[in-house]
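Below is protein.cif, holding mmCIF, C-alpha atoms and all ligand atoms.
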```cif
data_start
#
loop_
_atom_site.label_atom_id
_atom_site.label_comp_id
_atom_site.auth_asym_id
_atom_site.auth_seq_id
_atom_site.Cartn_x
_atom_site.Cartn_y
_atom_site.Cartn_z
CA MET A 1 12.72 33.78 4.32
CA LYS A 2 9.93 35.02 2.08
CA PRO A 3 6.43 35.47 3.47
CA ASN A 4 4.20 32.37 3.23
CA GLU A 5 7.22 30.22 2.96
CA SER A 6 8.15 27.78 5.64
CA LEU A 7 11.26 28.19 7.72
CA LYS A 8 14.16 26.17 6.33
CA ILE A 9 16.54 24.43 8.71
CA ALA A 10 19.55 22.51 7.40
CA LEU A 11 21.26 19.73 9.34
CA VAL A 12 25.02 19.91 8.93
CA GLY A 13 27.89 18.00 10.51
CA ASN A 14 30.79 15.59 10.14
CA PRO A 15 29.89 12.14 8.77
CA ASN A 16 28.23 9.46 10.88
CA LEU A 17 27.08 11.38 13.91
CA GLY A 18 23.32 11.15 13.71
CA LYS A 19 22.11 13.83 11.27
CA THR A 20 19.74 11.46 9.47
CA THR A 21 18.66 9.86 12.74
CA LEU A 22 17.61 13.33 13.92
CA PHE A 23 16.03 14.15 10.56
CA ASN A 24 13.92 10.98 10.64
CA LYS A 25 12.75 11.61 14.21
CA LEU A 26 11.87 15.24 13.54
CA CYS A 27 10.01 14.56 10.29
CA GLY A 28 8.61 11.10 10.96
CA LEU A 29 10.51 9.66 8.03
CA ASN A 30 12.65 6.63 7.47
CA GLN A 31 15.74 7.59 5.49
CA ARG A 32 18.75 5.32 5.63
CA THR A 33 21.07 5.58 8.61
CA GLY A 34 24.06 3.40 9.37
CA ASN A 35 27.04 3.09 11.60
CA TYR A 36 29.59 4.16 8.99
CA PRO A 37 30.35 7.46 7.25
CA GLY A 38 28.89 8.41 3.90
CA VAL A 39 25.41 6.90 4.32
CA THR A 40 23.61 10.02 3.12
CA VAL A 41 24.76 11.09 -0.35
CA ASP A 42 22.12 13.61 -1.32
CA LYS A 43 20.09 16.51 -0.01
CA LYS A 44 16.72 15.40 1.41
CA LYS A 45 13.76 17.47 2.51
CA GLY A 46 11.24 16.73 5.22
CA TYR A 47 8.71 18.65 7.26
CA LEU A 48 8.09 19.12 10.93
CA LYS A 49 4.92 20.59 12.45
CA ALA A 50 5.55 22.92 15.38
CA ASP A 51 2.81 25.13 16.86
CA GLY A 52 0.71 24.49 13.77
CA LYS A 53 3.50 25.82 11.54
CA LYS A 54 5.33 23.77 8.96
CA ILE A 55 9.11 23.84 9.22
CA GLU A 56 11.23 22.46 6.42
CA ILE A 57 14.16 20.31 7.51
CA VAL A 58 17.01 19.53 5.11
CA ASP A 59 19.23 16.51 5.69
CA LEU A 60 22.66 16.59 4.06
CA PRO A 61 25.64 14.31 3.52
CA GLY A 62 28.35 14.60 6.18
CA ILE A 63 31.35 16.85 5.55
CA ASN A 64 34.82 16.78 7.09
CA GLY A 65 35.36 20.48 6.65
CA LEU A 66 34.84 23.25 4.14
CA TYR A 67 37.45 21.94 1.69
CA PRO A 68 35.44 19.34 -0.23
CA ASN A 69 37.01 16.02 -1.18
CA SER A 70 34.09 14.31 -2.87
CA LYS A 71 30.97 15.12 -4.86
CA ASP A 72 28.75 14.80 -1.75
CA GLU A 73 30.97 17.14 0.21
CA GLU A 74 31.05 19.61 -2.63
CA LEU A 75 27.26 19.66 -2.77
CA VAL A 76 27.09 20.59 0.91
CA VAL A 77 29.86 23.18 0.85
CA LYS A 78 28.38 24.93 -2.19
CA TYR A 79 24.96 24.87 -0.55
CA LEU A 80 26.42 26.55 2.54
CA LEU A 81 28.32 29.18 0.60
CA ASN A 82 25.69 30.20 -1.91
CA SER A 83 23.55 32.52 0.18
CA GLU A 84 21.80 33.85 -2.91
CA ALA A 85 20.28 30.48 -3.80
CA GLU A 86 16.54 29.90 -3.69
CA ASP A 87 16.92 26.96 -1.30
CA TYR A 88 19.40 28.63 1.07
CA PRO A 89 18.52 27.74 4.68
CA ASP A 90 17.33 30.26 7.25
CA LYS A 91 19.24 28.47 9.96
CA ILE A 92 21.76 25.70 10.33
CA VAL A 93 21.85 23.08 13.03
CA LEU A 94 25.44 21.98 13.35
CA ILE A 95 25.49 18.54 14.90
CA VAL A 96 28.56 17.44 16.79
CA SER A 97 29.14 14.17 18.58
CA ALA A 98 30.15 14.07 22.23
CA LEU A 99 32.36 11.13 21.23
CA ASN A 100 34.43 13.11 18.73
CA LEU A 101 34.01 16.57 20.04
CA LYS A 102 37.36 18.17 19.29
CA ARG A 103 37.38 17.18 15.67
CA ASN A 104 33.70 18.11 15.26
CA LEU A 105 34.33 21.51 16.80
CA PHE A 106 36.78 22.16 14.01
CA LEU A 107 33.84 22.22 11.61
CA TYR A 108 31.97 24.46 14.05
CA GLU A 109 34.87 26.91 14.02
CA GLN A 110 34.79 27.05 10.21
CA ILE A 111 31.03 27.34 9.83
CA ARG A 112 30.81 29.89 12.63
CA ASP A 113 32.89 32.22 10.50
CA LEU A 114 30.35 32.14 7.67
CA ASN A 115 28.12 34.20 10.01
CA ILE A 116 25.00 32.15 9.25
CA PRO A 117 22.32 31.77 11.96
CA LEU A 118 23.58 28.68 13.73
CA ILE A 119 22.55 26.29 16.49
CA LEU A 120 24.99 23.78 17.94
CA ALA A 121 23.48 20.40 18.86
CA VAL A 122 25.70 18.05 20.86
CA ASN A 123 24.52 14.53 20.01
CA MET A 124 25.37 11.03 21.26
CA VAL A 125 25.42 12.21 24.85
CA ASP A 126 23.93 8.85 25.90
CA LEU A 127 26.69 6.76 24.36
CA ALA A 128 29.43 9.16 25.48
CA ALA A 129 28.25 8.99 29.10
CA ARG A 130 28.40 5.20 28.96
CA ARG A 131 31.99 5.47 27.77
CA GLY A 132 32.90 7.91 30.50
CA ILE A 133 33.06 11.00 28.29
CA PHE A 134 31.24 14.05 29.62
CA VAL A 135 30.59 17.35 27.94
CA ASP A 136 30.07 20.40 30.13
CA ILE A 137 27.41 22.24 28.18
CA ASP A 138 27.70 25.43 30.24
CA ALA A 139 31.44 25.57 29.64
CA LEU A 140 30.90 24.98 25.93
CA ARG A 141 28.23 27.67 25.87
CA LYS A 142 30.80 30.12 27.23
CA ALA A 143 33.26 29.14 24.52
CA VAL A 144 30.88 29.38 21.59
CA ASP A 145 28.70 32.42 21.09
CA ILE A 146 25.66 30.69 19.63
CA PRO A 147 22.71 28.73 21.11
CA ILE A 148 23.57 25.19 22.07
CA VAL A 149 21.60 22.10 23.12
CA LYS A 150 22.43 18.57 24.24
CA ILE A 151 20.46 15.89 22.42
CA SER A 152 20.28 12.21 21.80
CA ALA A 153 18.93 11.80 18.29
CA LYS A 154 18.43 8.10 18.94
CA LYS A 155 16.54 8.47 22.22
CA GLY A 156 14.76 11.68 21.28
CA THR A 157 15.99 13.69 24.24
CA GLY A 158 16.50 17.47 24.05
CA PHE A 159 14.18 17.85 21.05
CA ALA A 160 11.75 20.32 22.64
CA GLU A 161 14.56 22.74 23.38
CA LEU A 162 15.99 22.30 19.88
CA ILE A 163 12.65 22.94 18.18
CA THR A 164 12.12 26.10 20.24
CA LEU A 165 15.44 27.37 18.92
CA PHE A 166 14.34 26.77 15.31
CA GLU A 167 11.86 29.62 15.68
CA GLU A 168 14.02 31.99 17.68
CA GLU A 169 15.88 34.83 16.09
CA ILE A 170 19.58 34.02 16.03
CA VAL A 171 22.13 36.60 15.01
CA VAL A 172 25.66 35.49 14.32
CA LYS A 173 27.91 38.51 14.08
CA PRO A 174 31.36 38.58 12.51
CA ARG A 175 33.99 37.80 15.12
CA LYS A 176 37.74 38.23 15.44
CA THR A 177 39.57 35.98 13.01
CA THR A 178 41.25 32.93 14.50
CA TYR A 179 42.51 31.27 11.32
CA ILE A 180 45.00 33.63 9.75
CA GLN A 181 48.40 34.89 10.85
CA GLU A 182 48.33 38.51 11.91
CA ASP A 183 50.82 39.63 9.28
CA GLN A 184 48.63 38.18 6.51
CA GLU A 185 45.33 39.57 7.63
CA ALA A 186 45.67 42.86 5.75
CA ILE A 187 45.89 40.93 2.47
CA LEU A 188 42.69 39.10 3.31
CA ASP A 189 40.99 42.38 4.22
CA THR A 190 41.95 43.83 0.85
CA TYR A 191 40.51 40.82 -0.95
CA SER A 192 37.21 40.87 0.96
CA GLN A 193 36.81 44.58 0.22
CA LEU A 194 37.70 44.04 -3.42
CA THR A 195 35.12 41.28 -3.78
CA ASN A 196 32.57 42.94 -1.48
CA GLU A 197 32.46 39.86 0.70
CA ALA A 198 30.96 40.46 4.14
CA SER A 199 32.25 37.21 5.58
CA LYS A 200 36.01 37.39 5.69
CA TYR A 201 36.17 33.63 5.92
CA LYS A 202 34.25 33.28 2.67
CA ALA A 203 36.88 35.47 1.09
CA PHE A 204 39.54 33.25 2.62
CA LEU A 205 37.88 30.14 1.19
CA ALA A 206 37.62 31.78 -2.22
CA ILE A 207 41.36 32.42 -2.23
CA THR A 208 42.38 29.02 -0.89
CA GLU A 209 39.91 26.72 -2.70
CA PRO A 210 39.84 27.07 -6.48
CA ASN A 211 36.68 25.06 -7.12
CA LEU A 212 34.28 27.05 -5.03
CA THR A 213 34.00 30.26 -7.04
CA ASP A 214 34.47 30.90 -10.74
CA ASP A 215 36.41 34.16 -11.03
CA GLN A 216 39.64 32.18 -11.12
CA ALA A 217 41.63 34.49 -13.39
CA GLU A 218 41.11 37.50 -11.11
CA LYS A 219 41.87 35.37 -8.10
CA ASP A 220 45.12 34.09 -9.57
CA GLN A 221 46.10 37.65 -10.35
CA PHE A 222 45.44 38.69 -6.75
CA ILE A 223 47.34 35.72 -5.36
CA LEU A 224 50.31 36.49 -7.57
CA GLU A 225 50.37 40.21 -6.87
CA ASN A 226 50.15 39.74 -3.13
CA GLU A 227 52.46 36.75 -3.03
CA VAL A 228 49.90 34.67 -1.18
CA ASN A 229 51.17 31.22 -0.34
CA VAL A 230 47.85 29.42 -0.62
CA ARG A 231 49.15 26.13 0.74
CA GLU A 232 50.62 27.86 3.77
CA TRP A 233 47.39 29.75 4.41
CA LYS A 234 45.46 26.49 4.41
CA THR A 235 47.87 24.66 6.72
CA ASN A 236 48.16 27.58 9.12
CA ALA A 237 44.39 27.96 9.23
CA SER A 238 44.02 24.39 10.49
CA ILE A 239 46.85 24.76 12.99
CA LEU A 240 45.47 28.05 14.28
CA ARG A 241 41.93 26.71 14.54
CA TYR A 242 43.03 23.69 16.58
CA LYS A 243 45.09 26.03 18.73
CA HIS A 244 42.01 28.14 19.31
CA ILE A 245 39.93 25.06 20.21
CA LYS A 246 42.64 24.11 22.70
CA THR A 247 42.15 27.39 24.57
CA TYR A 248 38.69 26.27 25.72
CA PHE A 249 38.51 22.52 25.16
CA ASP A 250 39.86 21.33 28.50
CA THR A 251 37.07 23.10 30.36
CA VAL A 252 34.48 21.45 28.11
CA GLN A 253 35.29 17.75 28.11
CA SER A 254 36.12 15.45 30.98
CA ILE A 255 36.96 11.79 30.74
CA ASP A 256 36.44 9.13 33.36
CA LYS A 257 39.44 6.89 32.76
CA THR A 258 37.95 4.01 34.73
CA LYS A 259 35.33 3.55 32.01
CA ASN A 260 36.23 1.88 28.78
CA ASN A 261 37.03 4.85 26.53
CA PRO A 262 36.83 4.30 22.77
CA MET B 1 65.34 8.48 8.71
CA GLU B 2 62.10 9.02 6.83
CA ILE B 3 59.30 7.14 8.53
CA ARG B 4 55.76 7.22 7.27
CA LEU B 5 52.68 6.67 9.37
CA SER B 6 51.91 3.64 7.25
CA ASP B 7 55.18 2.05 8.51
CA PHE B 8 54.06 2.14 12.14
CA LYS B 9 52.74 -0.97 13.87
CA ILE B 10 49.64 -1.52 15.97
CA LYS B 11 49.79 0.12 19.44
CA GLN B 12 52.83 2.21 18.45
CA ILE B 13 52.74 5.84 19.60
CA GLY B 14 54.34 8.65 17.64
CA VAL B 15 54.35 12.31 16.75
CA ILE B 16 53.45 13.78 13.37
CA LYS B 17 56.42 15.52 11.80
CA GLN B 18 55.07 16.68 8.50
CA VAL B 19 52.28 16.11 6.02
CA LEU B 20 53.68 15.97 2.50
CA ASP B 21 52.15 18.39 0.05
CA ASN B 22 49.45 16.62 -1.93
CA HIS B 23 45.82 16.93 -2.92
CA ILE B 24 44.49 15.50 0.34
CA ALA B 25 46.71 17.53 2.69
CA ALA B 26 43.92 20.00 3.50
CA LYS B 27 41.64 17.11 4.45
CA LEU B 28 44.29 15.59 6.72
CA PHE B 29 44.78 18.95 8.43
CA GLU B 30 41.05 19.20 9.00
CA TYR B 31 41.25 15.82 10.74
CA GLY B 32 43.75 17.34 13.14
CA ILE B 33 46.69 15.56 11.56
CA LEU B 34 49.10 18.42 12.12
CA PRO B 35 52.83 18.70 12.85
CA GLY B 36 53.62 18.12 16.53
CA VAL B 37 50.43 16.19 17.29
CA GLN B 38 50.72 12.88 19.16
CA PHE B 39 48.91 9.82 17.84
CA SER B 40 48.67 6.10 18.40
CA ILE B 41 47.88 3.29 16.00
CA LEU B 42 44.70 1.54 17.11
CA ASN B 43 44.49 -1.00 14.36
CA LYS B 44 45.67 -1.83 10.88
CA ALA B 45 43.25 -3.70 8.67
CA PRO B 46 44.83 -6.58 6.74
CA PHE B 47 45.35 -6.62 2.96
CA LYS B 48 46.39 -2.96 2.78
CA GLY B 49 43.08 -1.92 4.34
CA PRO B 50 42.57 1.23 6.41
CA ILE B 51 44.70 2.28 9.37
CA PHE B 52 42.86 3.43 12.46
CA ILE B 53 44.64 6.03 14.51
CA GLN B 54 43.73 7.93 17.63
CA ILE B 55 44.42 11.60 18.21
CA ASP B 56 43.30 13.01 21.56
CA ASN B 57 40.15 11.06 22.11
CA ASN B 58 39.22 10.92 18.44
CA ARG B 59 39.47 7.95 16.13
CA ILE B 60 40.41 8.53 12.54
CA ALA B 61 40.41 5.96 9.73
CA LEU B 62 43.02 6.55 7.02
CA ARG B 63 43.60 4.84 3.73
CA ARG B 64 47.12 3.42 3.30
CA SER B 65 47.62 5.85 0.44
CA GLU B 66 46.76 8.75 2.75
CA ALA B 67 48.92 7.46 5.60
CA ALA B 68 51.88 7.32 3.23
CA PHE B 69 51.83 11.13 2.99
CA ILE B 70 52.25 11.52 6.74
CA MET B 71 55.81 11.65 8.04
CA VAL B 72 56.17 10.67 11.68
CA GLU B 73 58.71 9.97 14.40
N1 LIG C 1 23.83 5.92 20.90
C1 LIG C 1 23.45 6.80 19.98
N2 LIG C 1 23.60 6.48 18.69
C2 LIG C 1 23.19 7.38 17.76
C3 LIG C 1 22.63 8.63 18.12
N3 LIG C 1 22.35 9.31 16.98
C4 LIG C 1 22.70 8.50 15.95
N4 LIG C 1 23.21 7.32 16.41
C5 LIG C 1 23.73 6.22 15.58
O1 LIG C 1 24.82 6.71 14.85
C6 LIG C 1 24.91 6.08 13.57
C7 LIG C 1 24.97 7.11 12.48
O2 LIG C 1 23.72 7.75 12.36
P1 LIG C 1 23.24 8.49 11.03
O3 LIG C 1 21.99 9.20 11.40
O4 LIG C 1 23.21 7.59 9.86
O5 LIG C 1 24.42 9.53 10.85
P2 LIG C 1 24.62 10.66 9.73
O6 LIG C 1 25.23 11.81 10.44
O7 LIG C 1 23.36 10.90 9.00
O8 LIG C 1 25.72 9.97 8.79
P3 LIG C 1 26.11 10.33 7.27
O9 LIG C 1 24.86 10.47 6.49
O10 LIG C 1 26.93 9.17 6.83
O11 LIG C 1 26.91 11.58 7.34
C8 LIG C 1 23.69 5.19 13.48
O12 LIG C 1 24.12 3.88 13.80
C9 LIG C 1 22.75 5.74 14.54
O13 LIG C 1 21.88 4.76 15.07
C10 LIG C 1 22.50 8.94 19.52
O14 LIG C 1 22.04 10.00 19.93
N5 LIG C 1 22.93 7.97 20.39
MG MG C 2 22.96 10.77 7.03
#
```

So that I can check it, write out the structure of this file as structure tokens.
Ligand SMILES: Nc1nc2c(ncn2[C@@H]2O[C@H](COP(=O)(O)OP(=O)(O)OP(=O)(O)O)[C@@H](O)[C@H]2O)c(=O)[nH]1
Ligand SMILES: [Mg+2]
Amino acid sequence: MKPNESLKIALVGNPNLGKTTLFNKLCGLNQRTGNYPGVTVDKKKGYLKADGKKIEIVDLPGINGLYPNSKDEELVVKYLLNSEAEDYPDKIVLIVSALNLKRNLFLYEQIRDLNIPLILAVNMVDLAARRGIFVDIDALRKAVDIPIVKISAKKGTGFAELITLFEEEIVVKPRKTTYIQEDQEAILDTYSQLTNEASKYKAFLAITEPNLTDDQAEKDQFILENEVNVREWKTNASILRYKHIKTYFDTVQSIDKTKNNP
Amino acid sequence: MEIRLSDFKIKQIGVIKQVLDNHIAAKLFEYGILPGVQFSILNKAPFKGPIFIQIDNNRIALRRSEAAFIMVE
């Protein structure tokens, strides 16, 4: 963040879990929300006043993961990867829904590896509780190494805690990789060193997703020389990430079967 | 026997065997549609509309064209 500029916070998450609802409440705006995915299709800015300071909030279309499948998704993924850009956020609030936690945590696992200052906001806790789904925030806090808050975007609960986190310093350090097979990791290390990429996962994305960076010829050369099976890397990454989520998920979510689950 | 997810009927439970290689495979993996994962069919919309499946506690809507890439048993 440059001096005299307001803090920029971007709202990121899977589709249809309350990003715009939160954005509207924080900024006093009235952007479209709806109970189906794909409502937001563009980046929108708003402002929040906290302690007399102006904080810029950016609402974004929902994404399923970091491999874009549509123009809206591509816009978000490029925004998240281009840390040199003028409008790059200072912090990200990753919103997950208590109703779809496992799948939403998949996106957390990916974005966590970009090493961007990150806050995890667990939304829809009101609706989940009514359906007998409970999220143990303390257990989740142990599993993720970033600040985390429980909110209801619709009811406005948990906002004070969230806004305090906007202004706190958050450092997200590189962690042990969870998404690549051990015998392939050396290849990835070589590529991140070659490209001077501090986030190993960004290097991984560059290798496995052709549309995200433009040095395609060099990349193809590297892939060929090192016999990288791009498709296998992608599949294994998803399998390994879900495996990793499984190591902590059972402590985090409990379901009351007597209630009418989704 | 080659069975696709799109062949399954409402309320049927199955296990994902394989996702055929195609341009949306990465997206399906991100949804948690991975080999060995158990799923159930919640609903199938008429007129070749979407298929709603459940994995763990999560609901996923798939287009018929997407479901046709998913081999199950
Ligand atoms: N019960 C409950 N419903 C919520 C909450 N937050 C959002 N919703 C509802 O969830 C639906 C989706 O909300 P949106 O804010 O449009 O979701 P979004 O994440 O912006 O969706 P996309 O822009 O499509 O990615 C709306 O019907 C909201 O009213 C919450 O905390 N509790
Ligand atoms: Mg929205």

Exercise answer, 6 Å around ligand LIG 1 (chain C) with all atoms listed in the file, as a list of chain:residue names: A:Pro15, A:Asn16, A:Leu17, A:Gly18, A:Lys19, A:Thr20, A:Thr21, A:Thr33, A:Gly34, A:Asn35, A:Pro37, A:Gly38, A:Val39, A:Thr40, A:Pro61, A:Gly62, A:Asn123, A:Met124, A:Asp126, A:Leu127, A:Ser152, A:Ala153, A:Lys154

For C-alpha atoms, I'd like the residues from the last selection saved as an mmCIF file, in the coordinates of the input.
```cif
data_model
loop_
_atom_site.group_PDB
_atom_site.id
_atom_site.type_symbol
_atom_site.label_atom_id
_atom_site.label_comp_id
_atom_site.auth_asym_id
_atom_site.auth_seq_id
_atom_site.Cartn_x
_atom_site.Cartn_y
_atom_site.Cartn_z
ATOM 1 C CA PRO A 15 29.890 12.140 8.770
ATOM 2 C CA ASN A 16 28.230 9.460 10.880
ATOM 3 C CA LEU A 17 27.080 11.380 13.910
ATOM 4 C CA GLY A 18 23.320 11.150 13.710
ATOM 5 C CA LYS A 19 22.110 13.830 11.270
ATOM 6 C CA THR A 20 19.740 11.460 9.470
ATOM 7 C CA THR A 21 18.660 9.860 12.740
ATOM 8 C CA THR A 33 21.070 5.580 8.610
ATOM 9 C CA GLY A 34 24.060 3.400 9.370
ATOM 10 C CA ASN A 35 27.040 3.090 11.600
ATOM 11 C CA PRO A 37 30.350 7.460 7.250
ATOM 12 C CA GLY A 38 28.890 8.410 3.900
ATOM 13 C CA VAL A 39 25.410 6.900 4.320
ATOM 14 C CA THR A 40 23.610 10.020 3.120
ATOM 15 C CA PRO A 61 25.640 14.310 3.520
ATOM 16 C CA GLY A 62 28.350 14.600 6.180
ATOM 17 C CA ASN A 123 24.520 14.530 20.010
ATOM 18 C CA MET A 124 25.370 11.030 21.260
ATOM 19 C CA ASP A 126 23.930 8.850 25.900
ATOM 20 C CA LEU A 127 26.690 6.760 24.360
ATOM 21 C CA SER A 152 20.280 12.210 21.800
ATOM 22 C CA ALA A 153 18.930 11.800 18.290
ATOM 23 C CA LYS A 154 18.430 8.100 18.940
#
```

Near-Gln110 of chain A list (8 Å; all atoms listed in the file; drop same-chain fewer than 6 positions) as JSON, numbers by chain: {"A": [65, 66, 201]}

File of the preceding selection, C-alpha atoms, as a PDB file, in the frame of the given file:
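result_1.pdb written:
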```
ATOM      1  CA  GLY A  65      35.360  20.480   6.650  1.00  0.00           C
ATOM      2  CA  LEU A  66      34.840  23.250   4.140  1.00  0.00           C
ATOM      3  CA  TYR A 201      36.170  33.630   5.920  1.00  0.00           C
TER       4      TYR A 201
END
```

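Atom CA of Leu99 of chain A to atom CA of Ile133 of chain A spans 7.1 Å [interatomic distance, one decimal].
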
Test item: chain A residues at most 9 Å from chain B, counting only C-alpha atoms, as JSON, numbers by chain: {"A": [64, 65, 66, 67, 68, 69, 99, 100, 101, 102, 103, 106, 107, 231, 234, 235, 238, 239, 242, 261, 262]}

Who sits within 7 Å of Val252 of chain A, all atoms listed in the file, same chain under 2 positions skipped, as a list of chain:residue names: A:Val135, A:Asp136, A:Ala139, A:Leu140, A:Tyr248, A:Phe249, A:Asp250, A:Ser254

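The interatomic distance for the pair atom CA of Ala98 of chain A and atom CA of Gln253 of chain A works out to 8.6 Å.
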
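Shell of Asp7 of chain B at 10 Å, with only C-alpha atoms counted and residues fewer than 5 places along the chain excluded, is Glu2, Arg64, Ala67, Ala68, Met71 and Val72 of chain B.
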
Contacts of Ile9 of chain A at 9 Å (all atoms listed in the file; same-chain gap of 5+ positions) as a VMD selection string: chain A and resid 55 to 59 89 to 93 166

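Across the model, the gap from atom CA of Ala203 of chain A to atom CA of Glu225 of chain A is 16.4 Å.
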
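Closest to Leu42 of chain B among B:Ile16, B:Ile10, B:Ile70, B:Ser65 is B:Ile10, based on all atoms listed in the file.
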
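Closest approach to ligand MG 2 (chain C) among A:Val172, A:Val228, A:Leu60, A:Leu29: A:Leu60, based on all atoms listed in the file.
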
Could you give me the axis-aligned bounding box of segment 45-59 of chain B, with 4 Å of padding per side, as centre plus edge lengths in Å to one decimal, as lines of an AutoDock Vina configuration file?
```
center_x = 42.8
center_y = 3.2
center_z = 12.4
size_x = 15.2
size_y = 27.6
size_z = 27.3
```

Ala45 of chain B surroundings by only C-alpha atoms, 10 Å radius, close-in-sequence under 4 positions cut, as a ChimeraX atom specification: /B:10,49-52,63-64

Take the residues from that selection and write them out as a short mmCIF file (atom, residue, chain, number, x, y, z; two decimals), keeping the file's coordinate frame, keeping C-alpha atoms.
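out-v8.cif was written with the following content:
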```cif
data_model
loop_
_atom_site.label_atom_id
_atom_site.label_comp_id
_atom_site.auth_asym_id
_atom_site.auth_seq_id
_atom_site.Cartn_x
_atom_site.Cartn_y
_atom_site.Cartn_z
CA ILE B 10 49.64 -1.52 15.97
CA GLY B 49 43.08 -1.92 4.34
CA PRO B 50 42.57 1.23 6.41
CA ILE B 51 44.70 2.28 9.37
CA PHE B 52 42.86 3.43 12.46
CA ARG B 63 43.60 4.84 3.73
CA ARG B 64 47.12 3.42 3.30
#
```

Please determine the residues with any atom at most 12 Å from (8.1, 28.6, 15.4) (coordinates as given in the file, with all atoms listed in the file counting) and report them as a PDB file with C-alpha atoms, keeping the file's coordinate frame.
```pdb
ATOM      1  CA  SER A   6       8.150  27.780   5.640  1.00  0.00           C
ATOM      2  CA  LEU A   7      11.260  28.190   7.720  1.00  0.00           C
ATOM      3  CA  LYS A   8      14.160  26.170   6.330  1.00  0.00           C
ATOM      4  CA  ILE A   9      16.540  24.430   8.710  1.00  0.00           C
ATOM      5  CA  LEU A  48       8.090  19.120  10.930  1.00  0.00           C
ATOM      6  CA  LYS A  49       4.920  20.590  12.450  1.00  0.00           C
ATOM      7  CA  ALA A  50       5.550  22.920  15.380  1.00  0.00           C
ATOM      8  CA  ASP A  51       2.810  25.130  16.860  1.00  0.00           C
ATOM      9  CA  GLY A  52       0.710  24.490  13.770  1.00  0.00           C
ATOM     10  CA  LYS A  53       3.500  25.820  11.540  1.00  0.00           C
ATOM     11  CA  LYS A  54       5.330  23.770   8.960  1.00  0.00           C
ATOM     12  CA  ILE A  55       9.110  23.840   9.220  1.00  0.00           C
ATOM     13  CA  GLU A  56      11.230  22.460   6.420  1.00  0.00           C
ATOM     14  CA  ALA A 160      11.750  20.320  22.640  1.00  0.00           C
ATOM     15  CA  GLU A 161      14.560  22.740  23.380  1.00  0.00           C
ATOM     16  CA  LEU A 162      15.990  22.300  19.880  1.00  0.00           C
ATOM     17  CA  ILE A 163      12.650  22.940  18.180  1.00  0.00           C
ATOM     18  CA  THR A 164      12.120  26.100  20.240  1.00  0.00           C
ATOM     19  CA  LEU A 165      15.440  27.370  18.920  1.00  0.00           C
ATOM     20  CA  PHE A 166      14.340  26.770  15.310  1.00  0.00           C
ATOM     21  CA  GLU A 167      11.860  29.620  15.680  1.00  0.00           C
ATOM     22  CA  GLU A 168      14.020  31.990  17.680  1.00  0.00           C
ATOM     23  CA  GLU A 169      15.880  34.830  16.090  1.00  0.00           C
TER      24      GLU A 169
END
```

Closest of A:Ile207, A:Val76, A:Leu120, A:Leu11 to Asp189 of chain A - atom-to-atom distances counting all atoms listed in the file: A:Ile207

Protein/DNA/RNA residues near (35.1, 27.5, -5.3), cut 12 Å, all atoms listed in the file, as a list in words: Leu66, Tyr67, Pro68, Glu74, Leu75, Val77, Lys78, Tyr79, Leu80, Leu81, Asn82, Lys202, Ala203, Phe204, Leu205, Ala206, Ile207, Thr208, Glu209, Pro210, Asn211, Leu212, Thr213, Asp214, Asp215, Gln216 and Lys219 of chain A
